[in-house]
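Written out below as structure tokens is the structure these notes cover.
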Amino acid sequence: MTLLIAVHFCIAALAPALMRFLGARAYWLLAVAPLVAFGWLISIGPTVLAGGAVVETVPWIPSLDIAISFRIATLQWVLALLVTGIGALVLAYCRWYFGSGDPAARTGGVLTAFAGAMLGLVLANDLIGLYVFWELTTVFSYLLVGGYNPANNANRQAALTALIVTTFGGLAMLVGILILGVTAGSFRLSNVFDTPPIRAVIEDPTHAPPAIVVAVILLLVGALTKSALVPFHFWLPGAMAAPTPVSAYLHAAAMVKAGIYLVLLLAPYFAGIPGWRLILLTLGATTMLLGGFRALRQHDIKVLLAYGTVSQLGFLMVLAGIGTQSAMLAGLGMVVAHALFKSALFLIVGVVDRSARTRDIRALSGVGRAMPVTAIAAVLAGASMAGIPPLLGFAVKEAAFESLQYLVVDGDGTGVPVLTAALLTGALILGSALTVAYTLRFLWGTFATDKSAEIKPAPPVSECRPPATGFVAVPVLLALLSLAGGFLGPQLTAALEPYVALGRIGEPSHGIALWHGIKPPLVMSIVALAVGGLMFWRRNQLERLQVSLPRVPEARETYQLIMRSVDRVAVEVTARTQRGSLPLYLGTILIVFVVGTGYVLFTTSSFPTEFRLFDSPAQLVVAGVTAVAAVLAASARGRMKAAMLAGVVGYGAAVLFMLHGAPDLALTQTLVETVTLVILVLVLRKLPKYFTSRPLQSTRWWRFTIAAVSGFMISAMVVFAAGSRISAPLSAEFPELSYEFGFGSNIVNVTLVDIRAWDTVNELSVLVVAATGVASLIFIRTRNAELSGVAARRRRATLSERRTFRRKRRAGQTSAGPMVWLRGGTTLSPTNRSIVFEVMTRLLFGVIMVVSVYFLIAGHNLPGGGFAGGLIAGLALAIRYLAGGRNELDEAAPIDAGKLLGGGLLVAGLSVFAPAFFGGRIGESYKISLTVDQLIDLPTPFGPIQLLGEPYLVTSMIFDIGVYLVVIGVMLDLIRTLGSGIDRQEEEDQTPSPQVTTGPRAYSALVRGEQ
């Protein structure tokens, strides 16, 4: 299961490249991932149908009982089949929906990743894992809705609304997960319901502890927002800005089912606790009526189906929330039926939209004659949605109506009052009638002919392009499955029986079937069909009635009002607290630190009384020099002077590390301080020479005081913390662990890439975000936009000119011309060039890069590592920029910094997760010994000399390579931002001199001997 989910994400990562080479045909390859998963799920069907379960667990955080755990029982198997089966069909459908030049073709990767996240959600056997996949679906949904046309404000707003609403519910759900997991003592779903606290609630739900009730209600909030129930329903119709295949998958078959799945998962255990039925039955019935009522007013057939989806989700939530065995059967059966008919209808909308170039029912006319196969598929899917026999929708709706008769309070008090049951029954019948009415509105408005159109049909039927066979095949297949499912009711009942058996309330129903006899469910279905048909027949009068009703504020308006209020409060709070004064911010933080820490230190009676100031006089000397430099830096008026003195403080810390026997820390501190100085120089060159010309203000003495007291308190805190240890530090075991498990003797490096590799991945993510943030402060256009154009042209021109030059030189038609040390340096003004600097840079650049690679490779056993090696490589690039300018930097590193950042993070992340796919633990390292016996002993007159010893590789080296790439990417981003970016902006602000030749032409002229 872990491998199947990982395959989705891997193929999603390859999607851009596949799209580039194959165009829209790449969607066939993207469909392979869910198709393979669907096939595997079919293969384990006999085990699941027999009542068994398939479990897979990969340890993650054993101390917290958190693991990457998956479990497939009946409920998970059914939902996973829908996610993978319909996912594969939708991706195949995209081959025809998206043209090769369509900008939405890029959404293929995100759609595949969403399928993987949704599969992980329904299979997760751990509450923490479920929440992770839950939020991944939210993020991918945001990208799919807003990424289709990001320049369109409607797309962006719809995506943001869906993100905010569902994230709000997700955070509420997270709190509920934490409460439930802590109370149960486990986050493993297969264990939670068997723990004594939860078992007691299951046995007597009416006396559940308040903590459990709160936890379950918070979980329901997440389910309500995800499945778009009132009052959170407004985000779903707005999300129709997404491409139609995305709507068919996310908003019909997958994402919106996540909330229904969560309720179905919890219903067998918590359906009887206080508040459960009140929330779900009330909001579900209200959503069903409101969605159906709003669907009757829509002219866009896609939005009409969206409101129909809202209505159907309310119906599903009612069935899932009842909690009886009969309702559980009907609810899960309706999930299957809804996924089939609603995804088919959305895909049919895509066919009509692409063929007729409009979705307005006032303009569509004669589409049924132009596309009869599509019309027949729409009628089948629509009949299933309306509950007309012999479609699957009718069979499961009969089961749903039958489940209502088990709602009345019985002897054990697990039902609902008679009046409540009657009102709920009436609401569901009326909701079903509305479903019939808007289904007929959809079919008639889309495919009928000779309607009295309110607007001119566009285009005429004669211009309606017939769809490709493959384009129609997917919705036809789904519609036929809805038809076949109606005759397979008994088989579907038997398949769902293991899940239904988990229910503890009510009685089992007669199952899913087309005929149960003339009983109340059949009468309710007939009433719903008759009333729905009457509504459609009198649709004009009904529409006038809708218009005449008093206007009620919509949920979207309330949401917008809330968001405007939040923005207003944020602005007011920010204006009062964020005054733009860095000294004020730092002073506030330090004062709080001093007060809080000082109170603890001065009220404790266990402060250490023995101190050791230094181990050697050299440490005292270095500390004294560092302290003097710090005082001078704080009192310096010149910016450059202060930067240099601050650098002395940093180098002093590096020397102290060395004197304490920590060469690795000393090396890293030295490199970080050097990088900091380079960045400061790039910034300070554009700032005034001095901080201020005004005399010292009294506030500066307050700053000195706060700084001095803070320094004292930090020193006291360090002494107190070091002297208050009551147990052996965990790091005492690191030397042994680093060698036995990390296969390296450099404890610092092994700790970073092995012992705490997960923390390092998080730190790399922070580095990537920081680099992106810094770049966004300078670059108005896309990062490295100039590089992608000019540098690429320069490379092509250079190769061409070199071939021309060699040909002319062989023919004796040209001379070699003057030698150039740095090609990019020729674009600089002669007054800004230093030949000595260029020569030294040319000679040392390669050496520095080799040294950086050496530190990368040797860092596992010697001082160094990927971080140190990346800093050295970044400093080499900085030297190229300082010597030859921004063009020279592009010559040295003709690559997008974002690709280095993303590639490095991907390599590091995959290296951490890869062991899990081979039976190991996440982040585990492996030692690979190399057999080079023929190279080990070198015979000499003085005896054999061993050259290689016992060489071996450690898989954590791959992780270190990722760190190396990320650090180089950060350095490249910083140099291009604070160096090249500022230079380019200055050049754009100045009139270029006609005497200066830059870029490819300069080198071209140089090769021809014209310079």
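Identifiers in this document derive from the order of the structure tokens: chains are assigned A, B, ..., residues are numbered from 1 separately in each chain, and ligands are numbered from 1 in order of occurrence.
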Arg880 in chain A surroundings by only C-alpha atoms, 10 Å radius, close-in-sequence under 2 positions cut, as a tab-separated table (two decimals) with C-alpha atoms, in the first residue's frame:
```tsv
chain	number	residue	atom	x	y	z
A	822	LEU	CA	36.57	35.32	-17.41
A	824	GLY	CA	31.50	37.39	-18.33
A	825	GLY	CA	34.10	39.88	-17.13
A	837	PHE	CA	41.27	39.11	-9.34
A	838	GLU	CA	40.06	37.53	-12.61
A	841	THR	CA	39.44	33.40	-9.77
A	842	ARG	CA	40.07	31.43	-12.96
A	845	PHE	CA	37.54	28.24	-8.96
A	874	GLY	CA	28.46	28.80	-2.93
A	875	LEU	CA	31.45	30.94	-1.95
A	876	ALA	CA	33.16	29.88	-5.18
A	877	LEU	CA	30.14	31.16	-7.12
A	878	ALA	CA	30.22	34.36	-5.08
A	882	LEU	CA	32.54	39.52	-7.56
A	883	ALA	CA	35.23	39.06	-10.18
A	884	GLY	CA	33.15	39.09	-13.36
A	885	GLY	CA	29.69	40.43	-12.52
A	886	ARG	CA	26.26	38.90	-13.02
A	887	ASN	CA	26.99	37.60	-16.52
A	888	GLU	CA	29.97	35.69	-15.17
A	889	LEU	CA	27.77	34.19	-12.47
A	890	ASP	CA	25.37	32.97	-15.16
A	891	GLU	CA	28.30	31.47	-17.03
A	892	ALA	CA	29.46	29.67	-13.89
A	893	ALA	CA	26.00	28.44	-12.88
```
All residues 10 Å or closer to Ser738 in chain A, only C-alpha atoms, same chain fewer than 2 positions away omitted, as a VMD selection string: chain A and resid 733 to 736 740 to 751 754 to 755 860 to 861
At a cut-off of 10 Å, using only C-alpha atoms, what residues contact Pro520 in chain A? Leave out same-chain residues fewer than 2 positions from it and give the result as a list in words. Glu398, Phe401, Glu402, Gln405, His516, Gly517, Ile518, Leu522, Val523, Met524, Ser525 and Ile526 of chain A
Using the selection just defined, write its residues with C-alpha atoms as a PDB file, in the first residue's frame.
```pdb
ATOM      1  CA  GLU A 398     -35.191   2.298  -1.615  1.00  0.00           C
ATOM      2  CA  PHE A 401     -36.134   4.993   2.715  1.00  0.00           C
ATOM      3  CA  GLU A 402     -36.439   1.609   4.388  1.00  0.00           C
ATOM      4  CA  GLN A 405     -38.525   3.084   9.728  1.00  0.00           C
ATOM      5  CA  HIS A 516     -39.150  -5.397  -2.113  1.00  0.00           C
ATOM      6  CA  GLY A 517     -42.834  -5.429  -2.758  1.00  0.00           C
ATOM      7  CA  ILE A 518     -45.408  -2.709  -2.336  1.00  0.00           C
ATOM      8  CA  LEU A 522     -41.786   2.138  -2.746  1.00  0.00           C
ATOM      9  CA  VAL A 523     -44.614   4.533  -1.893  1.00  0.00           C
ATOM     10  CA  MET A 524     -42.069   7.161  -0.788  1.00  0.00           C
ATOM     11  CA  SER A 525     -40.159   6.728  -4.061  1.00  0.00           C
ATOM     12  CA  ILE A 526     -43.340   7.109  -6.112  1.00  0.00           C
TER      13      ILE A 526
END
```
Which one is closest to Ser227 in chain A: A:Ile179, A:Gly314, A:Gly292, A:Val303? Count only C-alpha atoms.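 The shortest atom-to-atom distance to Ser227 in chain A comes from A:Gly314.
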Mind giving me the straight-line distance from CA of Leu75 in chain A to CA of Leu262 in chain A in Å, one decimal?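 Rounded to one decimal, the two atoms are 10.3 Å apart.
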What parts of range 689-769 of chain A does DSSP call alpha helix (DSSP H)? I'd like the answer as an MDAnalysis selection string. chainID A and resid 698:723 734:740 747:750 757:769
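Interatomic distance, CA of Pro205 in chain A against CA of Thr166 in chain A: 28.4 Å.
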How many Å separate CA of Val256 in chain A from CA of Ala154 in chain A? 20.9 Å
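When only C-alpha atoms are used to measure the gap to Pro62 in chain A, the shortest distance among A:Ile922, A:Leu901, A:Leu478, A:Val600 belongs to A:Ile922.
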Between A:Phe657, A:Trp60, A:Tyr599, A:Tyr269, which is the closest to Ala916 in chain A once you count only C-alpha atoms?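 Closest residue, counting only C-alpha atoms: A:Trp60.
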Find the residues around Ala630 in chain A up to 10 Å (only C-alpha atoms counted), leave out those fewer than 2 positions away in its own chain, and share them as a PyMOL selection string. chain A and resi 624-628+632-636+642+645-650
How would the residues just picked look written out with C-alpha atoms as a compact mmCIF listing (two decimals), in the first residue's frame?
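Output saved as selection-v2.txt:
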```
# COMPACT_ATOMS: atom_id res chain seq x y z
CA GLY A 624 38.61 38.68 25.38
CA VAL A 625 39.25 39.61 21.76
CA THR A 626 35.73 38.51 20.82
CA ALA A 627 34.20 40.58 23.62
CA VAL A 628 36.18 43.68 22.61
CA LEU A 632 33.32 47.97 19.18
CA ALA A 633 30.75 46.63 16.70
CA ALA A 634 27.89 47.92 18.86
CA SER A 635 29.47 51.38 19.10
CA ALA A 636 30.69 51.74 15.49
CA ALA A 642 30.42 47.23 12.20
CA LEU A 645 33.80 43.66 13.71
CA ALA A 646 30.74 41.41 13.82
CA GLY A 647 32.69 39.04 11.59
CA VAL A 648 35.52 39.03 14.12
CA VAL A 649 33.01 37.95 16.77
CA GLY A 650 31.87 35.08 14.56
```
Which of A:Ser432, A:Asn832, A:Thr597, A:Ser69 sits closest to Gly393 in chain A [using only C-alpha atoms]: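 Residue with the minimum atom-to-atom distance to Gly393 in chain A: A:Ser432.
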Excluding Gly176 in chain A and any residue of its chain fewer than 4 positions from it, enumerate the residues within 6 Å of it, using only C-alpha atoms, and give them as a PyMOL selection string. chain A and resi 215+218-219
Print the selection's residues with N, CA and C atoms to a file, as a CSV table (one decimal), in the first residue's frame.
```csv
chain,number,residue,atom,x,y,z
A,215,ALA,N,-14.3,15.8,21.4
A,215,ALA,CA,-13.4,15.2,20.4
A,215,ALA,C,-14.2,14.8,19.1
A,218,LEU,N,-15.6,17.8,17.2
A,218,LEU,CA,-14.6,18.4,16.4
A,218,LEU,C,-14.2,17.6,15.2
A,219,LEU,N,-14.3,16.3,15.3
A,219,LEU,CA,-14.1,15.5,14.1
A,219,LEU,C,-15.2,15.7,13.1
```
Show me, as a ChimeraX atom specification, the residues that have an atom within 12 Å of range 468-473 of chain A when counting only C-alpha atoms, minus same-chain residues fewer than 5 positions from it. /A:28,89-98,245,344-352,354-355,371-378,478-480
Using only C-alpha atoms, can you tell me which of A:Leu264, A:Ala327, A:Leu296, A:Val379 comes closest to Glu543 in chain A?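 Checking each candidate against Glu543 in chain A, we get A:Leu296 as the closest.
Nearest residue to Leu3 in chain A, choosing from A:Trp537, A:Phe614, A:Phe70, A:Phe293 and counting only C-alpha atoms: A:Phe70.
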Can you pull out the residues contacting Ala495 in chain A? Cut-off 9 Å, using only C-alpha atoms, and skip same-chain residues under 5 positions away; I want them as JSON, numbers by chain. {"A": [48, 49, 50, 74, 490]}
